[in-house]
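Everything below belongs to protein13.txt, which stores compact mmCIF, C-alpha atoms.
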# COMPACT_ATOMS: atom_id res chain seq x y z
CA MET N 1 16.13 -21.00 -13.13
CA SER N 2 19.86 -21.31 -13.80
CA THR N 3 19.78 -18.24 -16.06
CA GLU N 4 17.95 -16.13 -13.48
CA LEU N 5 20.29 -17.31 -10.74
CA ASP N 6 23.36 -16.54 -12.87
CA ILE N 7 22.04 -13.03 -13.43
CA LEU N 8 21.42 -12.62 -9.70
CA ARG N 9 24.95 -13.74 -8.82
CA ARG N 10 26.27 -11.23 -11.36
CA ASP N 11 24.14 -8.25 -10.24
CA PHE N 12 23.73 -8.83 -6.52
CA SER N 13 26.62 -7.59 -4.35
CA GLY N 14 25.21 -8.67 -0.99
CA ASP N 15 25.07 -12.08 0.67
CA ILE N 16 23.23 -14.97 -0.99
CA ILE N 17 22.46 -17.53 1.72
CA GLU N 18 21.34 -20.98 0.61
CA PRO N 19 20.41 -24.03 2.72
CA ASP N 20 24.00 -25.28 2.91
CA HIS N 21 25.26 -21.93 4.27
CA ALA N 22 26.38 -21.78 7.91
CA ASP N 23 24.08 -18.80 8.56
CA TYR N 24 21.01 -20.45 7.06
CA PRO N 25 19.40 -21.73 10.31
CA THR N 26 19.10 -18.19 11.67
CA ALA N 27 18.73 -16.38 8.36
CA SER N 28 15.81 -18.53 7.27
CA ARG N 29 13.60 -17.82 10.28
CA THR N 30 11.86 -14.82 11.77
CA VAL N 31 11.47 -14.06 15.44
CA LEU N 32 8.36 -16.26 15.67
CA VAL N 33 8.32 -18.54 12.62
CA VAL N 34 10.79 -21.04 11.13
CA GLY N 35 10.83 -21.11 7.32
CA SER N 36 12.72 -22.96 4.63
CA PRO N 37 13.33 -20.51 1.78
CA ALA N 38 15.52 -21.44 -1.15
CA TYR N 39 17.47 -18.18 -0.89
CA VAL N 40 17.96 -15.51 1.75
CA LEU N 41 19.30 -12.33 0.17
CA ARG N 42 20.93 -9.60 2.24
CA PRO N 43 21.36 -6.52 0.04
CA LYS N 44 24.09 -3.93 0.41
CA SER N 45 22.40 -1.33 -1.77
CA VAL N 46 19.16 -0.29 -3.44
CA ALA N 47 20.51 -1.80 -6.65
CA ASP N 48 20.75 -5.12 -4.81
CA VAL N 49 17.09 -4.82 -3.78
CA GLN N 50 16.16 -4.19 -7.40
CA ALA N 51 18.16 -7.25 -8.48
CA ALA N 52 16.49 -9.38 -5.81
CA VAL N 53 12.99 -8.29 -6.82
CA THR N 54 13.77 -8.94 -10.47
CA PHE N 55 15.14 -12.38 -9.60
CA ALA N 56 12.08 -13.43 -7.59
CA SER N 57 9.76 -12.19 -10.31
CA SER N 58 11.67 -13.78 -13.20
CA ALA N 59 12.12 -17.10 -11.38
CA VAL N 60 8.45 -17.07 -10.28
CA LEU N 61 9.40 -17.64 -6.65
CA PRO N 62 7.47 -16.47 -3.59
CA LEU N 63 9.04 -13.33 -2.16
CA ALA N 64 9.13 -12.42 1.54
CA VAL N 65 10.46 -9.04 2.64
CA ARG N 66 11.92 -8.88 6.15
CA GLY N 67 12.64 -5.84 8.26
CA GLY N 68 12.71 -6.67 11.96
CA GLY N 69 11.02 -10.05 11.43
CA HIS N 70 8.42 -9.62 14.18
CA ALA N 71 5.24 -10.28 12.18
CA PHE N 72 3.09 -12.72 14.14
CA ALA N 73 2.07 -14.36 10.87
CA GLY N 74 5.70 -14.93 9.84
CA PHE N 75 5.65 -12.71 6.76
CA GLY N 76 9.47 -12.41 6.87
CA THR N 77 10.06 -15.97 5.67
CA ASN N 78 8.48 -18.59 3.41
CA GLU N 79 8.78 -22.10 2.01
CA GLY N 80 10.96 -22.57 -1.06
CA GLY N 81 11.04 -18.94 -2.09
CA VAL N 82 13.18 -15.83 -1.70
CA VAL N 83 13.61 -13.90 1.53
CA LEU N 84 14.86 -10.35 1.12
CA ASP N 85 16.44 -9.48 4.47
CA LEU N 86 16.76 -5.70 4.59
CA SER N 87 18.71 -5.55 7.87
CA PRO N 88 21.95 -4.29 6.22
CA LEU N 89 20.06 -1.22 4.92
CA ALA N 90 19.83 0.49 8.29
CA ASP N 91 21.51 3.87 7.83
CA ILE N 92 19.91 6.79 9.73
CA GLU N 93 20.53 10.39 8.69
CA VAL N 94 19.28 13.43 10.61
CA ASP N 95 18.80 16.75 8.79
CA GLY N 96 17.14 19.21 11.14
CA LYS N 97 13.92 17.42 12.05
CA ILE N 98 13.78 15.32 8.89
CA VAL N 99 15.10 11.81 9.48
CA ARG N 100 15.97 9.46 6.64
CA ILE N 101 15.89 5.82 7.73
CA GLY N 102 16.95 2.74 5.80
CA GLY N 103 14.26 0.13 5.23
CA GLY N 104 16.02 -2.44 7.41
CA ALA N 105 16.46 -0.31 10.53
CA THR N 106 14.81 -1.10 13.84
CA TRP N 107 13.11 1.35 16.17
CA GLY N 108 15.80 0.81 18.78
CA GLN N 109 18.42 1.96 16.29
CA VAL N 110 16.28 4.98 15.44
CA ALA N 111 15.67 5.96 19.07
CA ALA N 112 19.40 5.71 19.83
CA ALA N 113 20.32 7.81 16.79
CA LEU N 114 17.77 10.52 17.61
CA ALA N 115 18.47 10.76 21.35
CA PRO N 116 21.57 13.00 21.01
CA HIS N 117 19.43 15.42 18.97
CA ASP N 118 16.58 15.42 21.53
CA LEU N 119 14.28 14.15 18.79
CA ALA N 120 11.84 11.26 18.55
CA ILE N 121 9.32 9.68 16.21
CA SER N 122 6.11 8.13 17.45
CA SER N 123 6.78 4.42 17.08
CA GLY N 124 6.04 1.06 18.67
CA ASP N 125 7.23 -0.16 22.05
CA THR N 126 9.94 -2.72 21.10
CA ARG N 127 13.53 -1.94 20.11
CA SER N 128 13.98 -4.84 17.71
CA VAL N 129 10.78 -4.23 15.73
CA GLY N 130 11.50 -3.03 12.21
CA VAL N 131 10.67 0.48 11.08
CA GLY N 132 9.19 -0.89 7.86
CA GLY N 133 6.73 -3.46 9.13
CA LEU N 134 5.44 -1.26 11.92
CA THR N 135 5.06 1.89 9.82
CA LEU N 136 3.48 0.32 6.75
CA SER N 137 0.61 -1.07 8.82
CA GLY N 138 0.19 1.73 11.37
CA GLY N 139 2.52 2.15 14.32
CA ILE N 140 0.73 2.39 17.69
CA GLY N 141 3.14 3.26 20.47
CA TRP N 142 3.93 5.38 23.51
CA LYS N 143 3.51 8.75 21.80
CA ALA N 144 0.41 7.86 19.80
CA ARG N 145 -2.16 10.04 21.56
CA LYS N 146 0.02 13.15 21.22
CA TYR N 147 1.75 12.58 17.90
CA GLY N 148 -0.34 9.93 16.14
CA LEU N 149 0.76 6.75 14.45
CA ALA N 150 4.26 6.19 13.12
CA LEU N 151 2.90 6.49 9.59
CA ASP N 152 1.45 9.92 10.42
CA ALA N 153 5.00 11.30 10.65
CA LEU N 154 6.02 9.89 7.28
CA VAL N 155 6.75 12.55 4.64
CA ALA N 156 8.36 10.48 1.87
CA ALA N 157 9.45 6.98 0.96
CA GLU N 158 11.56 5.31 -1.69
CA VAL N 159 9.99 2.11 -3.00
CA VAL N 160 11.28 -0.61 -5.31
CA THR N 161 8.21 -1.75 -7.20
CA ALA N 162 7.47 -5.16 -8.73
CA ASP N 163 9.02 -4.20 -12.07
CA GLY N 164 12.29 -3.24 -10.36
CA ARG N 165 11.86 0.52 -10.60
CA LEU N 166 12.81 2.84 -7.74
CA VAL N 167 9.98 5.27 -7.04
CA ARG N 168 10.00 8.21 -4.63
CA THR N 169 6.55 8.88 -3.25
CA THR N 170 5.17 11.83 -1.27
CA GLU N 171 1.88 13.67 -0.92
CA ALA N 172 2.80 15.52 -4.12
CA ASP N 173 4.58 12.78 -6.11
CA ASP N 174 2.76 9.48 -6.65
CA PRO N 175 0.22 10.50 -4.00
CA GLU N 176 -1.90 7.34 -4.38
CA LEU N 177 1.10 5.15 -3.66
CA PHE N 178 1.93 7.37 -0.69
CA TRP N 179 -1.64 6.96 0.56
CA ALA N 180 -1.47 3.19 0.10
CA ILE N 181 1.82 2.51 1.89
CA ARG N 182 0.52 4.35 4.96
CA GLY N 183 -1.51 1.43 6.24
CA GLY N 184 -1.54 -0.93 3.26
CA GLY N 185 1.40 -2.98 4.46
CA GLY N 186 4.01 -4.43 2.13
CA ASN N 187 1.59 -4.91 -0.76
CA PHE N 188 3.13 -2.40 -3.15
CA GLY N 189 6.89 -2.83 -3.10
CA VAL N 190 10.00 -2.82 -0.97
CA VAL N 191 10.50 0.42 0.94
CA THR N 192 14.25 0.98 0.95
CA ALA N 193 14.13 4.35 2.74
CA PHE N 194 11.65 6.25 4.88
CA GLU N 195 11.70 9.98 5.59
CA PHE N 196 9.99 11.08 8.78
CA ALA N 197 9.31 14.44 10.39
CA ALA N 198 10.60 13.98 13.93
CA HIS N 199 9.53 16.06 16.91
CA SER N 200 11.48 17.54 19.80
CA THR N 201 11.33 15.37 22.88
CA SER N 202 12.38 15.30 26.51
CA ASP N 203 12.54 12.56 29.09
CA VAL N 204 9.18 10.95 29.80
CA TYR N 205 7.44 9.60 32.89
CA PHE N 206 6.98 5.90 32.34
CA GLY N 207 6.14 2.79 34.34
CA ARG N 208 3.52 0.36 35.62
CA ILE N 209 0.76 0.74 38.20
CA SER N 210 -0.82 -2.52 39.31
CA PHE N 211 -4.11 -3.40 41.00
CA PRO N 212 -5.67 -6.63 42.35
CA ALA N 213 -7.31 -8.92 39.81
CA ALA N 214 -10.51 -8.79 41.85
CA GLU N 215 -10.89 -5.09 41.00
CA ALA N 216 -10.77 -5.68 37.24
CA ALA N 217 -14.28 -4.49 36.36
CA THR N 218 -13.95 -1.23 38.27
CA VAL N 219 -10.40 -0.50 37.15
CA LEU N 220 -11.10 -1.22 33.47
CA ALA N 221 -14.18 0.99 33.37
CA GLY N 222 -12.52 3.83 35.25
CA TRP N 223 -9.36 3.66 33.15
CA ALA N 224 -11.25 3.87 29.86
CA GLU N 225 -13.48 6.66 31.13
CA TYR N 226 -10.49 8.70 32.28
CA LEU N 227 -8.45 8.20 29.09
CA ARG N 228 -11.33 9.73 27.14
CA THR N 229 -10.52 13.16 28.61
CA ALA N 230 -6.94 12.68 29.82
CA PRO N 231 -4.18 14.98 28.52
CA GLU N 232 -2.93 13.77 25.15
CA GLU N 233 0.57 13.63 26.59
CA LEU N 234 -0.63 10.50 28.40
CA THR N 235 -0.74 7.19 26.53
CA SER N 236 -1.63 4.01 28.38
CA ILE N 237 -1.97 0.24 28.02
CA LEU N 238 -3.93 -2.02 30.36
CA GLU N 239 -3.01 -5.70 30.69
CA LEU N 240 -4.73 -8.48 32.61
CA ALA N 241 -4.64 -12.25 32.98
CA ASN N 242 -0.91 -12.41 32.30
CA PRO N 243 -0.20 -16.17 32.32
CA PHE N 244 3.35 -15.57 33.55
CA ALA N 245 2.07 -13.63 36.58
CA GLY N 246 -0.77 -15.87 37.72
CA GLY N 247 -3.30 -15.99 34.89
CA ASN N 248 -6.75 -15.11 36.24
CA ALA N 249 -5.17 -14.11 39.56
CA ALA N 250 -2.51 -11.90 37.97
CA PRO N 251 -2.58 -8.23 38.94
CA ILE N 252 -4.06 -5.76 36.50
CA GLU N 253 -1.14 -3.75 35.16
CA ILE N 254 -1.60 -0.30 33.69
CA ARG N 255 1.43 0.98 31.85
CA VAL N 256 1.61 4.74 31.42
CA ALA N 257 3.80 7.06 29.40
CA PHE N 258 3.55 10.79 30.00
CA ASP N 259 5.27 12.72 27.24
CA GLY N 260 7.09 15.39 29.20
CA ASP N 261 9.52 15.87 32.09
CA ASP N 262 7.46 18.22 34.26
CA ALA N 263 6.82 16.33 37.51
CA GLU N 264 3.71 18.29 38.49
CA GLN N 265 2.08 17.93 35.08
CA ALA N 266 2.89 14.23 35.01
CA ALA N 267 1.39 13.73 38.48
CA ARG N 268 -1.81 15.55 37.50
CA ALA N 269 -2.13 13.33 34.45
CA ILE N 270 -1.26 10.01 36.12
CA ASP N 271 -2.78 10.39 39.61
CA PRO N 272 -6.37 9.75 38.45
CA ILE N 273 -5.21 6.28 37.36
CA ARG N 274 -3.62 5.68 40.75
CA ARG N 275 -6.99 6.44 42.35
CA LEU N 276 -8.84 3.76 40.35
CA GLY N 277 -8.31 1.03 42.93
CA THR N 278 -5.95 -0.52 45.46
CA VAL N 279 -2.43 0.14 44.18
CA LEU N 280 -0.19 -2.89 44.65
CA ASP N 281 2.87 -1.48 42.90
CA ASP N 282 3.86 1.77 41.22
CA ASP N 283 7.24 2.11 39.50
CA VAL N 284 6.56 5.19 37.36
CA THR N 285 9.73 7.22 37.02
CA LEU N 286 11.43 9.68 34.68
CA LYS N 287 13.23 7.94 31.80
CA ALA N 288 14.88 8.84 28.53
CA TYR N 289 12.42 8.04 25.74
CA ALA N 290 14.89 5.64 24.12
CA ASP N 291 14.95 3.64 27.38
CA VAL N 292 11.18 3.18 27.32
CA LEU N 293 11.42 0.78 24.40
CA VAL N 294 11.81 -2.83 25.50
CA ASP N 295 13.87 -5.66 24.07
CA GLY N 296 11.97 -8.10 21.89
CA VAL N 297 11.65 -11.60 23.27
CA VAL N 298 12.54 -14.54 21.04
CA PRO N 299 10.41 -17.52 22.11
CA PRO N 300 12.24 -20.77 22.84
CA PRO N 301 12.15 -23.40 20.08
CA GLY N 302 8.76 -25.05 19.81
CA ILE N 303 6.82 -22.17 21.37
CA ALA N 304 4.04 -20.67 19.24
CA LEU N 305 1.96 -17.51 19.68
CA PHE N 306 -1.57 -16.82 18.53
CA THR N 307 -2.76 -13.21 18.60
CA ARG N 308 -6.02 -11.55 17.59
CA SER N 309 -7.02 -7.90 17.74
CA GLY N 310 -9.96 -5.60 17.22
CA PHE N 311 -10.99 -1.97 17.64
CA VAL N 312 -13.63 -0.54 19.96
CA ASP N 313 -15.63 2.62 19.32
CA GLU N 314 -16.82 4.76 22.24
CA ALA N 315 -20.38 3.40 22.43
CA ALA N 316 -19.17 -0.20 22.71
CA VAL N 317 -16.53 0.38 25.38
CA PRO N 318 -18.63 -0.52 28.47
CA GLU N 319 -19.81 -3.87 27.07
CA VAL N 320 -16.39 -4.85 25.73
CA LEU N 321 -14.73 -4.10 29.06
CA ARG N 322 -17.42 -6.05 30.91
CA ILE N 323 -16.73 -9.09 28.71
CA LEU N 324 -12.97 -8.74 29.14
CA ALA N 325 -13.29 -8.57 32.93
CA GLU N 326 -15.32 -11.80 32.87
CA VAL N 327 -12.88 -13.51 30.53
CA GLY N 328 -9.92 -12.42 32.64
CA ALA N 329 -11.48 -14.06 35.70
CA SER N 330 -12.31 -17.30 33.90
CA GLU N 331 -10.29 -20.50 34.03
CA ARG N 332 -7.12 -20.36 31.88
CA PRO N 333 -7.82 -17.04 30.16
CA PRO N 334 -5.59 -15.69 27.38
CA PHE N 335 -3.35 -12.71 27.97
CA ILE N 336 -5.52 -9.63 27.41
CA GLY N 337 -4.24 -6.22 26.38
CA VAL N 338 -6.19 -2.99 25.88
CA ARG N 339 -4.52 0.04 24.30
CA SER N 340 -5.78 3.60 24.54
CA LEU N 341 -6.13 5.40 21.22
CA GLY N 342 -7.88 8.66 20.35
CA GLY N 343 -6.05 11.96 20.52
CA ALA N 344 -3.89 12.72 17.50
CA ILE N 345 -4.78 9.37 15.89
CA SER N 346 -8.46 10.26 15.70
CA ARG N 347 -7.94 13.77 14.35
CA VAL N 348 -6.71 12.42 10.99
CA PRO N 349 -9.63 11.78 8.57
CA ALA N 350 -10.39 8.08 8.22
CA ASP N 351 -9.71 8.14 4.47
CA ALA N 352 -6.50 10.20 4.63
CA THR N 353 -4.37 7.05 4.84
CA ALA N 354 -4.97 3.35 4.28
CA TYR N 355 -5.06 2.88 8.06
CA ALA N 356 -8.83 3.25 8.39
CA HIS N 357 -9.52 2.75 12.11
CA ARG N 358 -9.17 6.36 13.21
CA PRO N 359 -12.41 6.71 15.25
CA ALA N 360 -11.61 3.79 17.56
CA GLU N 361 -11.19 4.62 21.24
CA LEU N 362 -9.48 1.37 22.20
CA MET N 363 -7.69 -1.58 20.64
CA VAL N 364 -8.15 -4.99 22.24
CA LEU N 365 -5.85 -7.97 21.76
CA THR N 366 -5.61 -11.50 23.11
CA THR N 367 -2.53 -13.71 23.01
CA VAL N 368 -1.95 -17.37 23.77
CA ALA N 369 1.58 -18.77 23.95
CA GLY N 370 2.93 -22.28 24.40
CA PRO N 371 3.83 -25.43 22.50
CA LYS N 372 1.87 -25.64 19.26
CA PRO N 373 -0.45 -28.43 20.48
CA VAL N 374 -1.34 -26.31 23.51
CA VAL N 375 -2.01 -23.25 21.38
CA ASP N 376 -4.08 -25.30 18.93
CA ALA N 377 -6.11 -26.72 21.81
CA ALA N 378 -6.79 -23.19 23.07
CA ARG N 379 -8.06 -21.92 19.71
CA PRO N 380 -11.73 -22.92 20.19
CA GLY N 381 -11.80 -21.03 23.48
CA ILE N 382 -10.26 -17.98 21.84
CA ASP N 383 -12.78 -18.18 19.02
CA ALA N 384 -15.58 -18.27 21.60
CA ILE N 385 -14.23 -15.13 23.29
CA TRP N 386 -14.08 -13.27 20.01
CA ALA N 387 -17.57 -14.49 19.12
CA ARG N 388 -18.76 -12.70 22.27
CA LEU N 389 -16.81 -9.60 21.32
CA ALA N 390 -17.83 -9.63 17.66
CA PRO N 391 -21.01 -7.51 17.98
CA HIS N 392 -19.04 -4.82 19.79
CA VAL N 393 -15.67 -4.62 17.99
CA THR N 394 -14.70 -3.66 14.47
CA GLY N 395 -11.77 -4.35 12.20
CA ALA N 396 -8.35 -5.60 13.23
CA TYR N 397 -4.84 -4.20 13.56
CA ALA N 398 -2.57 -5.93 11.05
CA ASN N 399 0.45 -5.79 13.35
CA PHE N 400 -1.39 -7.85 15.98
CA LEU N 401 -2.73 -10.72 13.90
CA ALA N 402 -1.25 -14.21 13.77
CA THR N 403 -3.14 -15.17 10.61
CA ALA N 404 -3.81 -13.69 7.18
CA THR N 405 -7.12 -15.20 6.13
CA GLU N 406 -9.58 -13.45 3.83
CA ALA N 407 -11.59 -12.57 6.94
CA ASP N 408 -8.48 -11.00 8.47
CA VAL N 409 -7.82 -8.94 5.36
CA ALA N 410 -11.44 -7.75 5.32
CA ALA N 411 -11.09 -6.73 8.98
CA VAL N 412 -7.84 -4.84 8.41
CA TYR N 413 -9.16 -3.04 5.31
CA PRO N 414 -12.80 -1.93 5.21
CA ALA N 415 -14.44 -2.35 1.80
CA ALA N 416 -13.86 1.18 0.50
CA THR N 417 -10.24 1.13 1.66
CA TYR N 418 -9.67 -2.27 0.07
CA GLU N 419 -11.06 -1.17 -3.29
CA ARG N 420 -8.81 1.87 -3.37
CA LEU N 421 -5.82 -0.25 -2.38
CA ALA N 422 -6.66 -2.75 -5.12
CA GLU N 423 -6.52 0.06 -7.69
CA VAL N 424 -3.05 1.02 -6.50
CA LYS N 425 -2.06 -2.64 -6.49
CA ARG N 426 -3.13 -3.02 -10.11
CA GLN N 427 -0.85 -0.14 -11.03
CA TYR N 428 2.25 -1.10 -9.07
CA ASP N 429 2.06 -4.89 -8.62
CA PRO N 430 -0.37 -6.37 -11.17
CA GLY N 431 1.19 -9.83 -10.81
CA ASN N 432 0.87 -9.79 -7.01
CA LEU N 433 4.57 -10.45 -6.43
CA PHE N 434 4.20 -8.86 -2.99
CA SER N 435 1.66 -11.29 -1.62
CA GLY N 436 3.34 -12.38 1.62
CA ASN N 437 1.23 -10.09 3.78
CA HIS N 438 -2.39 -9.27 4.52
CA ASN N 439 -2.78 -9.41 0.83
CA VAL N 440 -4.65 -6.99 -1.38
CA ARG N 441 -5.18 -8.73 -4.69
CA PRO N 442 -4.83 -6.66 -7.87
Encoded form using structure tokens:
Amino acid sequence: MSTELDILRRDFSGDIIEPDHADYPTASRTVLVVGSPAYVLRPKSVADVQAAVTFASSAVLPLAVRGGGHAFAGFGTNEGGVVLDLSPLADIEVDGKIVRIGGGATWGQVAAALAPHDLAISSGDTRSVGVGGLTLSGGIGWKARKYGLALDALVAAEVVTADGRLVRTTEADDPELFWAIRGGGGNFGVVTAFEFAAHSTSDVYFGRISFPAAEAATVLAGWAEYLRTAPEELTSILELANPFAGGNAAPIEIRVAFDGDDAEQAARAIDPIRRLGTVLDDDVTLKAYADVLVDGVVPPPGIALFTRSGFVDEAAVPEVLRILAEVGASERPPFIGVRSLGGAISRVPADATAYAHRPAELMVLTTVAGPKPVVDAARPGIDAIWARLAPHVTGAYANFLATATEADVAAVYPAATYERLAEVKRQYDPGNLFSGNHNVRP
């Protein structure tokens, strides 16, 4: 170990943070999970990333790669290993509509950098979420129905592989690696730079429309039915049973984002949602797209989150929504979210990228938050809910999973996708150095 560490200290120009360092308490944890790595490495260059990867491999230490650090499963830290914190690599360069983004940038940084150019990239909904983690596993956000997933805008990436090489991958160069990183997570290397094709954007109509909890069944069914034929400029999320707003008595909140600044077009697209029930509140207004993204919330010490997700095809929508309405009205329900998909997401062939859930019409998620004993006590109830949903949902979205079991991996990657990913893994990471994820074994 001393030899490997001496080499690291010689070759690594960034910060090496060990347990006795003043920054260690914050550097060692992610947004949701506290870890105790032996080393947190903050690179200043791609050469530093290569040195860090070589060190972890040579020293046979677990390696965690951190972008924004929002993974529910805590992939951005570990116990006794190496954490590669990419946050210093956050440069953003705009060349026409091609945007080069450092692997440690967050979507808030990207939105702010693109706003003066009237450009945007379909991304998530939180400023502090990392570009890397979101993109590598999908990227479902407020422009998804019109422009697809974040990974659908990716045109190139630079990846440090397990042997320390820097590889540039595109549809034409290393196309299998390019296929794999678009949905296969961090299984294949450290992405030090992304290149996206941005699109021209304007202000957007954005806000919440809320309805009484008692109207859940009608509102859910009508919302899903309308989104099936709604203009693709409209993306929407429905939330119910928010524990911070009354639990089973909490209003149903439908968040809408209309991609455009034409008031009449926005009204035509959004008004059918307003007519779904008794409107309690409506704060939809014109906003700059960068202002739509919200700040990430860091839970207080001792608070844990448990999240599960699944996809719903068109035929299963009525039964899934019926179950969710019942669950939302039950005693102490979890937070329930339903995201509209379709549109540009579904027009990409299912095997074109490693994100394989293209046909899904909806994504469902449940979340429980609280002290760990409370969350643990709620797990059997959550399992029972998902047992009811199981015949009607498929797969899982990696970015909304709090665990990384074999069952989770099988849900994220259908069998054919997994086998193809495993072939790429064997080529680029045969020793499974990059295993701190929903892991595809070589």
Inset, instruction - Could you check how far atom CA of Asp283 of chain N sits from atom CA of His70 of chain N, in Å to one decimal? - result: 27.9 Å
Legend entry - Shortest interatomic distance to Pro88 of chain N - which of N:Asp173, N:Asp408, N:Asp48, N:Asp203, counting all atoms listed in the file: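 Between N:Asp173, N:Asp408, N:Asp48, N:Asp203, the residue approaching Pro88 of chain N most closely is N:Asp48.
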So which residues touch Ile7 of chain N within 9 Å, counting only C-alpha atoms, skipping near sequence neighbours fewer than 4 positions away, as an mmCIF file with C-alpha atoms, in the coordinates of the input?
data_model
loop_
_atom_site.group_PDB
_atom_site.id
_atom_site.type_symbol
_atom_site.label_atom_id
_atom_site.label_comp_id
_atom_site.auth_asym_id
_atom_site.auth_seq_id
_atom_site.Cartn_x
_atom_site.Cartn_y
_atom_site.Cartn_z
ATOM 1 C CA SER N 2 19.860 -21.310 -13.800
ATOM 2 C CA THR N 3 19.780 -18.240 -16.060
ATOM 3 C CA ASP N 11 24.140 -8.250 -10.240
ATOM 4 C CA PHE N 12 23.730 -8.830 -6.520
ATOM 5 C CA ALA N 51 18.160 -7.250 -8.480
ATOM 6 C CA PHE N 55 15.140 -12.380 -9.600
#
List every residue of segment 297-323 of chain N that has an atom at most 12 Å from any atom of segment 28-36 of chain N, giving for each one its closest atom pair and the distance in Å to one decimal, counting all atoms listed in the file, sorted by chain and then by ascending residue number, as CSV.
residue,atom,partner,partner_atom,distance
N:Val297,CA,N:Val31,CA,8.2
N:Val298,CA,N:Val31,CA,5.7
N:Pro299,CA,N:Leu32,CA,6.9
N:Pro300,CA,N:Leu32,CA,9.3
N:Pro301,CA,N:Leu32,CA,9.2
N:Gly302,CA,N:Val33,CA,9.7
N:Ile303,CA,N:Leu32,CA,8.4
N:Ala304,CA,N:Leu32,CA,7.1
N:Leu305,CA,N:Leu32,CA,7.7
N:Phe306,CA,N:Leu32,CA,10.3
N:Thr307,CA,N:Leu32,CA,11.9
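Using all atoms listed in the file, the smallest distance between any of N:Ile323, N:Ile237, N:Ala354, N:Leu401 and Gly337 of chain N comes from N:Ile237.
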Return as JSON lines the residues of segment 60-93 of chain N lying at most 9 Å from segment 191-201 of chain N, together with the closest atom-to-atom pair for each and the distance in Å to one decimal, counting only C-alpha atoms, with rows in chain order and ascending residue number.
{"residue": "N:Leu86", "atom": "CA", "partner": "N:Thr192", "partner_atom": "CA", "distance": 8.0}
{"residue": "N:Leu89", "atom": "CA", "partner": "N:Thr192", "partner_atom": "CA", "distance": 7.4}
{"residue": "N:Ala90", "atom": "CA", "partner": "N:Ala193", "partner_atom": "CA", "distance": 8.8}
{"residue": "N:Asp91", "atom": "CA", "partner": "N:Ala193", "partner_atom": "CA", "distance": 9.0}
Residues near Val338 of chain N, cut-off 6 Å, only C-alpha atoms, skip fewer than 2 positions along chain, as a compact mmCIF listing (two decimals) with C-alpha atoms, keeping the file's coordinate frame:
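Saved result, around-v2.txt, follows:
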# COMPACT_ATOMS: atom_id res chain seq x y z
CA ILE N 237 -1.97 0.24 28.02
CA LEU N 238 -3.93 -2.02 30.36
CA MET N 363 -7.69 -1.58 20.64
CA VAL N 364 -8.15 -4.99 22.24
Legend entry - Option closest in space to Val46 of chain N, from N:Leu84, N:Val348, N:Ile209, N:Ala377 [counting all atoms listed in the file]: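 Among N:Leu84, N:Val348, N:Ile209, N:Ala377, it is N:Leu84 that comes nearest to Val46 of chain N.
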Inset, instruction - Write out as a PyMOL selection string which residues come within 6 Å of segment 324-332 of chain N when counting all atoms listed in the file, dropping same-chain ones fewer than 2 positions away. - result: chain N and resi 216-217+241+248+321-322
Legend entry - atom CA of Pro371 of chain N to atom CA of Asp20 of chain N, straight-line distance in Å: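 Distance reported for this atom pair: 28.1 Å.
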Inset, instruction - May I ask which of the residues N:Glu171, N:Glu215, N:Glu225, N:Glu314 is the closest one to Leu154 of chain N, counting all atoms listed in the file? - result: N:Glu171
Inset, instruction - For atom CA of Leu421 of chain N and atom CA of Ser58 of chain N, determine how far apart the two atoms are, in Å to one decimal place. - result: 24.6 Å
Legend entry - Nearest to Val409 of chain N by atom-to-atom distance, counting all atoms listed in the file, from N:Pro359, N:Gly184, N:Pro272, N:Gly96: N:Gly184
Inset, instruction - Tell me which protein, DNA and RNA residues are within 8 Å of segment 378-382 of chain N, counting all atoms listed in the file, leaving out same-chain ones fewer than 4 positions away, and put them as a list in words. - result: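 Near neighbours after the sequence-gap exclusion: Pro334, Val368, Val374 and Trp386 of chain N.
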